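Written below as structure tokens is the structure these notes are about.
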Amino acid sequence: MGLIGGVSLVILALVGIVEAFNERQIIADVISMGHTLLLLTAVFVAYLTAARSRDLGAGRSLGNVLLAGLIMTGMLAALVLIGQALNLRQVFINASPTLYQMLIFHQESLGVGILLLLGSGLLMGFLTSLLHSAPVPLRRVLIIVLISLVIGALLQDLLQPIFGLWDPLTTIGEWVFETSGLSVHGAITLAVLVAAFAALWDRYSQTVRTQIRSLPSERQRNLKWGSIIVGLLVLLVLPNLLGIFLSEVLTIIGLYVLLGLGLNIVVGFAGLLDLGYVAFFAIGSYTVAILTSPEIGSYQIGFWQALPVAIVFGTLAGALLGIPVLKMRGDYLAITTLGFGEIIRILVLSDVLRPWLGGAQGIARIPKASLFGFEFSGPQEIYYLLIAGCFLVGFVSWRLRDSRLGRAWMAMREDEDVAQAMGINLVSTKLLAFATGAGFSALSGAIFATKLGSVYPHSFNVMISINILCLIIVGGMGSMPGVIVGAIALVGMPELLREFAEYRLLIYGAALVAMMLLRPEGLWPEAMRKRELHEG
């Protein structure tokens with residue numbers, strides 16, 4: 001385990017992500033984001049080591065974790081020593097003196113820095129062992145505190161505009177944040193508050209739930225609707241609070257939520273692995289572009305007239321895709337649908353269809369959507385259009401999930417042969433899954449076209465499908481709240497950290513590996529899937 005962790009740390013250092021992340025501070029002048037990345041990776045491996053050693057006794061388990069921590073930091077120390085003796089930059093361009101200084105904590109003496117590095121590995125292993133052996137409530141509180149500190153520092157750009165709305169909040173913001181990252185006293189305050197809240201919630205949450213369930217049904221309904229109204233009011237005022245840049249981030253999250261809710265029906269409900277989902281997104285975008293833009297054709301109808309046409313075309317394309325893949329499952333289905341997505345992209349790029357689809361130049365001058373004189377022009381306006389689309393698609397998905405069709409999808413997801421033996425028509429059930437998901441994807445594509453005002457073939461590559469599938473897995477397959485959480489985690493956070501965009505795929509891979517090992521059901525899983533993966 002120490003060797004696995006050490007290799008991971010060395011790779012992270014040599015690809016440049018550690019040095020790049022070092023520009024951002026988690027706690028100002030105490031720990032940077034680069035150090036935090038190395039620390040979290042090492043803690044993750046040490047925690048797995050402790051989990052695998054728990055049956056060997058406390059002493060041997062502690063020894064294993066300490067050894068793993070020492071090996072991990074020892075490999076980083078070896079990287080520093082080799083880098084001092086050899087010019088590694090001829091092979092690894094990111095093996096710079098800045099990286100070596102960061103790894104030895106900016107010590108002038110190489111020996112002192114190496115000792116500090118090795119000592120930090122032992123200390124990290126000891127603290128991780130204590131964390132693993134701590135009572136479950138305490139362990140949960142500590143993990144929540146650590147995650148809150150990291151997220152609080154990463155969301156500094158998001159939170160500071162909110163703190164600037166009111167003088168008392170401005171004072172709090174100045175107390176909590178430095179120019180980059182949390183202040184020391186702000187980090188301590190945040191840790192204490194989060195720990196207190198997490199401890200109280202862990203202790204009294206079940207009591208609160210029991211008391212709510214014991215209320216008369218009318219009061220429960222009033223409480224539910226009150227919570228919904230408060231949530232809607234917060235959603236409505238968010239663009240005005242956050243400004244243009246953060247509203248743009250919210251629109252991107254909303255677009256992926258729309259796409260995720262559609263793919264969640266195909267993959268999460270029906271269990272059909274579709275990697276060509278971006279094709280329907282492209283169909284919706286190009287349909288709106290052709291029908292509304294004066295550059296192509298002579299239709300030039302409004303967005304609201306073109307929207308149902310785009311949805312119908314997307315739905316028909318989904319059903320047509322489903323016909324040749326009815327007998328396919330698993331990897332074969334994924335490869336076939338992947339090919340369909342690439343076929344659509346290549347057709348759009350072809351010179352033969354250029355008079356109708358614009359070719360590589362795309363289609364521009366797509367008019368903005370408007371409703372009762374209100375034009376959805378900028379990100380603060382498009383946000384409301386996306387929110388409406390998300391609510392519509394979410395409501396339809398919610399009603400379908402518990403319907404006869406939704407139960408048939410889930411039965412087919414568990415075992416197609418048994419579902420067919422129970423009388424479920426696999427042909428119609430699969431086609432309806434493909435068609436419904438494709439219709440939702442076309443809806444999001446139509447909004448995407450009017451948002452940008454132009455469409456280009458390169459906006460619809462296979463990575464869109466991969467990203468949507470990733471956010472469904474991370475959020476929880478089959479879970480609608482999980483789609484939202486996954487979109488925030490895998491789309492919203494990278495958008496707030498645009499300077500690290502080149503490492504996005506590496507972060508996706510690490511997040512998926514961590515999810516599969518620690519929480520395979522997802523961040524917000526469906527109740528049935530959670531029971532399946534945690535039978536105990």
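Each chain in the structure tokens gets a letter, A, B and so on, in the order shown; residues start at 1 in every chain, and ligands are counted from 1 in the order they appear.
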
Selection near stretch 424-427 of chain A, 8 Å with only C-alpha atoms, sequence-local residues under 6 positions removed, as a ChimeraX atom specification:
/A:326,408,412,416

Residues of the last selection are to be written out with C-alpha atoms, as a PDB file, in the first residue's frame.
ATOM      1  CA  LEU A 326     -32.215  -4.157 -28.674  1.00  0.00           C
ATOM      2  CA  ALA A 408     -40.266  -2.077 -15.506  1.00  0.00           C
ATOM      3  CA  MET A 412     -34.845  -4.721 -16.570  1.00  0.00           C
ATOM      4  CA  GLU A 416     -33.296  -8.633 -18.320  1.00  0.00           C
TER       5      GLU A 416
END

Polymer residues at most 12 Å from A:Leu38, only C-alpha atoms, same-chain spacing of 2 or more positions, as an NGL selection string
:A and (5-13 or 17-19 or 21-22 or 31-36 or 40-45 or 69 or 72-73 or 76 or 102-103 or 117 or 120-121 or 124)

A:Pro379 surroundings by only C-alpha atoms, 9 Å radius, close-in-sequence under 2 positions cut, as number ranges by chain:
A: 239, 244-251, 376-377, 381-384, 451

Write out, as a PDB file, in the first residue's frame, the residues just selected, with N, CA, C and O atoms.
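Result written to part_4.pdb:
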ATOM      1  N   PRO A 239     -28.976  34.516  -8.857  1.00  0.00           N
ATOM      2  CA  PRO A 239     -28.203  35.259  -9.873  1.00  0.00           C
ATOM      3  C   PRO A 239     -27.908  36.703  -9.473  1.00  0.00           C
ATOM      4  O   PRO A 239     -26.830  37.219  -9.761  1.00  0.00           O
ATOM      5  N   ILE A 244     -22.319  38.007 -12.536  1.00  0.00           N
ATOM      6  CA  ILE A 244     -22.357  37.407 -13.875  1.00  0.00           C
ATOM      7  C   ILE A 244     -21.513  36.132 -13.950  1.00  0.00           C
ATOM      8  O   ILE A 244     -21.965  35.106 -14.467  1.00  0.00           O
ATOM      9  N   PHE A 245     -20.276  36.158 -13.420  1.00  0.00           N
ATOM     10  CA  PHE A 245     -19.400  34.993 -13.560  1.00  0.00           C
ATOM     11  C   PHE A 245     -19.982  33.765 -12.858  1.00  0.00           C
ATOM     12  O   PHE A 245     -20.071  32.681 -13.441  1.00  0.00           O
ATOM     13  N   LEU A 246     -20.392  33.938 -11.605  1.00  0.00           N
ATOM     14  CA  LEU A 246     -20.920  32.797 -10.864  1.00  0.00           C
ATOM     15  C   LEU A 246     -22.277  32.362 -11.406  1.00  0.00           C
ATOM     16  O   LEU A 246     -22.629  31.179 -11.316  1.00  0.00           O
ATOM     17  N   SER A 247     -23.034  33.297 -11.987  1.00  0.00           N
ATOM     18  CA  SER A 247     -24.283  32.905 -12.649  1.00  0.00           C
ATOM     19  C   SER A 247     -23.991  32.046 -13.872  1.00  0.00           C
ATOM     20  O   SER A 247     -24.731  31.100 -14.171  1.00  0.00           O
ATOM     21  N   GLU A 248     -22.899  32.354 -14.575  1.00  0.00           N
ATOM     22  CA  GLU A 248     -22.481  31.524 -15.706  1.00  0.00           C
ATOM     23  C   GLU A 248     -22.120  30.113 -15.240  1.00  0.00           C
ATOM     24  O   GLU A 248     -22.467  29.121 -15.894  1.00  0.00           O
ATOM     25  N   VAL A 249     -21.448  30.022 -14.090  1.00  0.00           N
ATOM     26  CA  VAL A 249     -21.136  28.705 -13.524  1.00  0.00           C
ATOM     27  C   VAL A 249     -22.426  27.950 -13.212  1.00  0.00           C
ATOM     28  O   VAL A 249     -22.550  26.749 -13.496  1.00  0.00           O
ATOM     29  N   LEU A 250     -23.421  28.654 -12.657  1.00  0.00           N
ATOM     30  CA  LEU A 250     -24.700  28.016 -12.339  1.00  0.00           C
ATOM     31  C   LEU A 250     -25.413  27.540 -13.601  1.00  0.00           C
ATOM     32  O   LEU A 250     -26.047  26.481 -13.598  1.00  0.00           O
ATOM     33  N   THR A 251     -25.320  28.309 -14.692  1.00  0.00           N
ATOM     34  CA  THR A 251     -25.969  27.868 -15.932  1.00  0.00           C
ATOM     35  C   THR A 251     -25.307  26.612 -16.494  1.00  0.00           C
ATOM     36  O   THR A 251     -25.990  25.726 -17.013  1.00  0.00           O
ATOM     37  N   PHE A 376     -34.028  36.170 -22.593  1.00  0.00           N
ATOM     38  CA  PHE A 376     -33.036  35.354 -21.883  1.00  0.00           C
ATOM     39  C   PHE A 376     -31.690  35.547 -22.583  1.00  0.00           C
ATOM     40  O   PHE A 376     -31.246  34.692 -23.349  1.00  0.00           O
ATOM     41  N   SER A 377     -31.039  36.662 -22.305  1.00  0.00           N
ATOM     42  CA  SER A 377     -29.835  37.027 -23.055  1.00  0.00           C
ATOM     43  C   SER A 377     -28.553  36.602 -22.344  1.00  0.00           C
ATOM     44  O   SER A 377     -27.784  35.798 -22.863  1.00  0.00           O
ATOM     45  N   GLU A 381     -30.057  35.637 -16.957  1.00  0.00           N
ATOM     46  CA  GLU A 381     -31.401  35.402 -17.491  1.00  0.00           C
ATOM     47  C   GLU A 381     -31.569  33.944 -17.936  1.00  0.00           C
ATOM     48  O   GLU A 381     -32.604  33.320 -17.678  1.00  0.00           O
ATOM     49  N   ILE A 382     -30.549  33.416 -18.620  1.00  0.00           N
ATOM     50  CA  ILE A 382     -30.604  32.008 -19.065  1.00  0.00           C
ATOM     51  C   ILE A 382     -30.774  31.081 -17.860  1.00  0.00           C
ATOM     52  O   ILE A 382     -31.366  29.999 -17.964  1.00  0.00           O
ATOM     53  N   TYR A 383     -30.234  31.484 -16.714  1.00  0.00           N
ATOM     54  CA  TYR A 383     -30.358  30.695 -15.485  1.00  0.00           C
ATOM     55  C   TYR A 383     -31.804  30.303 -15.224  1.00  0.00           C
ATOM     56  O   TYR A 383     -32.093  29.147 -14.883  1.00  0.00           O
ATOM     57  N   TYR A 384     -32.736  31.248 -15.396  1.00  0.00           N
ATOM     58  CA  TYR A 384     -34.143  30.961 -15.100  1.00  0.00           C
ATOM     59  C   TYR A 384     -34.731  29.982 -16.108  1.00  0.00           C
ATOM     60  O   TYR A 384     -35.571  29.140 -15.762  1.00  0.00           O
ATOM     61  N   LYS A 451     -28.499  29.759 -25.715  1.00  0.00           N
ATOM     62  CA  LYS A 451     -27.594  30.355 -24.722  1.00  0.00           C
ATOM     63  C   LYS A 451     -26.353  30.928 -25.402  1.00  0.00           C
ATOM     64  O   LYS A 451     -25.951  32.070 -25.152  1.00  0.00           O
TER      65      LYS A 451
END

Go through stretch 94-163 of chain A and collect every residue that DSSP, computed from the backbone, puts in alpha helix (DSSP H); the answer should be as a PyMOL selection string.
chain A and resi 97-103+110-133+136-154+156-163

Contacts of A:Gly406 at 9 Å or less, counting only C-alpha atoms, minus same-chain residues fewer than 6 places along, as a list in words?
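Neighbouring residues, sequence-local ones excluded: Ile265, Phe269, Ala270, Ser397, Arg399 and Leu400 of chain A.
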
Residues just named, written with N, CA and C atoms as a CSV table (one decimal), in the first residue's frame:
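Output (part32.csv):
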chain,number,residue,atom,x,y,z
A,265,ILE,N,-32.2,8.3,-16.7
A,265,ILE,CA,-33.3,7.4,-17.1
A,265,ILE,C,-32.7,6.2,-17.8
A,269,PHE,N,-32.0,4.3,-14.4
A,269,PHE,CA,-33.3,3.6,-14.2
A,269,PHE,C,-33.3,2.3,-15.0
A,270,ALA,N,-32.9,2.3,-16.3
A,270,ALA,CA,-33.0,1.2,-17.2
A,270,ALA,C,-31.8,0.3,-17.3
A,397,SER,N,-39.3,12.9,-14.5
A,397,SER,CA,-38.5,11.8,-14.0
A,397,SER,C,-39.0,11.2,-12.7
A,399,ARG,N,-42.1,11.3,-11.6
A,399,ARG,CA,-43.3,10.6,-11.8
A,399,ARG,C,-43.1,9.3,-12.5
A,400,LEU,N,-42.1,9.3,-13.4
A,400,LEU,CA,-41.9,8.1,-14.2
A,400,LEU,C,-41.2,7.0,-13.3

Selected residue, from A:Gly358, A:Pro457, A:Gly254, A:Gly119, that lies nearest to A:Gly389 when counting only C-alpha atoms
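With only C-alpha atoms as the atom set, the closest residue is A:Gly254.
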
Excluding A:Gln305 and any residue of its chain fewer than 4 positions from it, enumerate the residues within 9 Å of it, using only C-alpha atoms, and give them as a PyMOL selection string.
chain A and resi 291+301+309

Name all residues at most 9 Å from stretch 516-520 of chain A (count only C-alpha atoms; drop same-chain ones fewer than 4 positions away) and give them as a short mmCIF file (atom, residue, chain, number, x, y, z; two decimals) with N, CA, C and O atoms, in the first residue's frame.
data_model
loop_
_atom_site.label_atom_id
_atom_site.label_comp_id
_atom_site.auth_asym_id
_atom_site.auth_seq_id
_atom_site.Cartn_x
_atom_site.Cartn_y
_atom_site.Cartn_z
N ILE A 473 -22.48 8.63 -11.92
CA ILE A 473 -21.84 7.62 -11.07
C ILE A 473 -21.45 8.24 -9.73
O ILE A 473 -21.69 7.66 -8.67
N VAL A 474 -20.84 9.42 -9.77
CA VAL A 474 -20.40 10.07 -8.53
C VAL A 474 -21.60 10.47 -7.68
O VAL A 474 -21.59 10.33 -6.46
N GLY A 476 -24.71 9.16 -7.77
CA GLY A 476 -25.50 8.00 -7.37
C GLY A 476 -26.41 7.59 -8.51
O GLY A 476 -27.35 8.31 -8.86
N ALA A 511 -11.46 10.98 -8.61
CA ALA A 511 -12.76 11.00 -7.92
C ALA A 511 -13.51 9.69 -8.12
O ALA A 511 -14.10 9.14 -7.18
N LEU A 512 -13.45 9.15 -9.34
CA LEU A 512 -14.15 7.88 -9.61
C LEU A 512 -13.51 6.72 -8.85
O LEU A 512 -14.21 5.86 -8.30
N LYS A 530 -28.46 1.78 -2.16
CA LYS A 530 -27.67 1.84 -0.93
C LYS A 530 -27.85 0.56 -0.11
O LYS A 530 -26.91 0.03 0.45
N LEU A 533 -25.76 -2.35 -1.65
CA LEU A 533 -24.31 -2.29 -1.49
C LEU A 533 -23.88 -2.32 -0.03
O LEU A 533 -22.71 -2.44 0.28
#

If you run DSSP on this backbone, which residues of stretch 237-451 of chain A come out as strand (DSSP E), and could you give them as a PyMOL selection string?
chain A and resi 370-371+374-375

Quick one: residues within 6 Å of A:Ile253, only C-alpha atoms counted, chain neighbours fewer than 3 positions away excluded, as a list in words?
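Here the qualifying residues turn out to be Leu250, Tyr256, Ala487 and Gly492 of chain A.
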
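Minimum atom-to-atom distances from A:Gly341, A:Pro481, A:Pro308, A:Gly453 to A:Cys390 were compared using only C-alpha atoms, and the lowest value belongs to A:Pro481.
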
For each of A:Ser428, A:Gln380, A:Thr49, A:Asn461, take the minimum atom-to-atom distance to A:Ser61, counting only C-alpha atoms, then give the residue where this is smallest.
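Of A:Ser428, A:Gln380, A:Thr49, A:Asn461, the one nearest A:Ser61 is A:Thr49, counting only C-alpha atoms.
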
Nearest residue to A:Ala446 from the set A:Ile464, A:Leu357, A:Ile484, A:Ala282 (distances using only C-alpha atoms):
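Nearest candidate to A:Ala446 out of A:Ile464, A:Leu357, A:Ile484, A:Ala282: A:Ala282.
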
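Candidate residues A:Leu88, A:Ile4, A:Ile507, A:Ile228 were compared for distance to A:Ile71, and the nearest is A:Ile4, using only C-alpha atoms.
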
Please, what distance in Å, to one decimal, runs between atom CA of A:Ser459 and atom CA of A:Phe281?
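So the two atoms, atom CA of A:Ser459 and atom CA of A:Phe281, lie 9.9 Å apart.
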
Nearest candidate to A:Gly394 (options A:Pro97, A:Gly302, A:Gly437, A:Pro294; using only C-alpha atoms)
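Looking only at the distances to A:Gly394, the closest residue turns out to be A:Gly437.
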
Atom CA of A:Gly478 and atom CA of A:Phe395, how far apart in Å?
14.5 Å
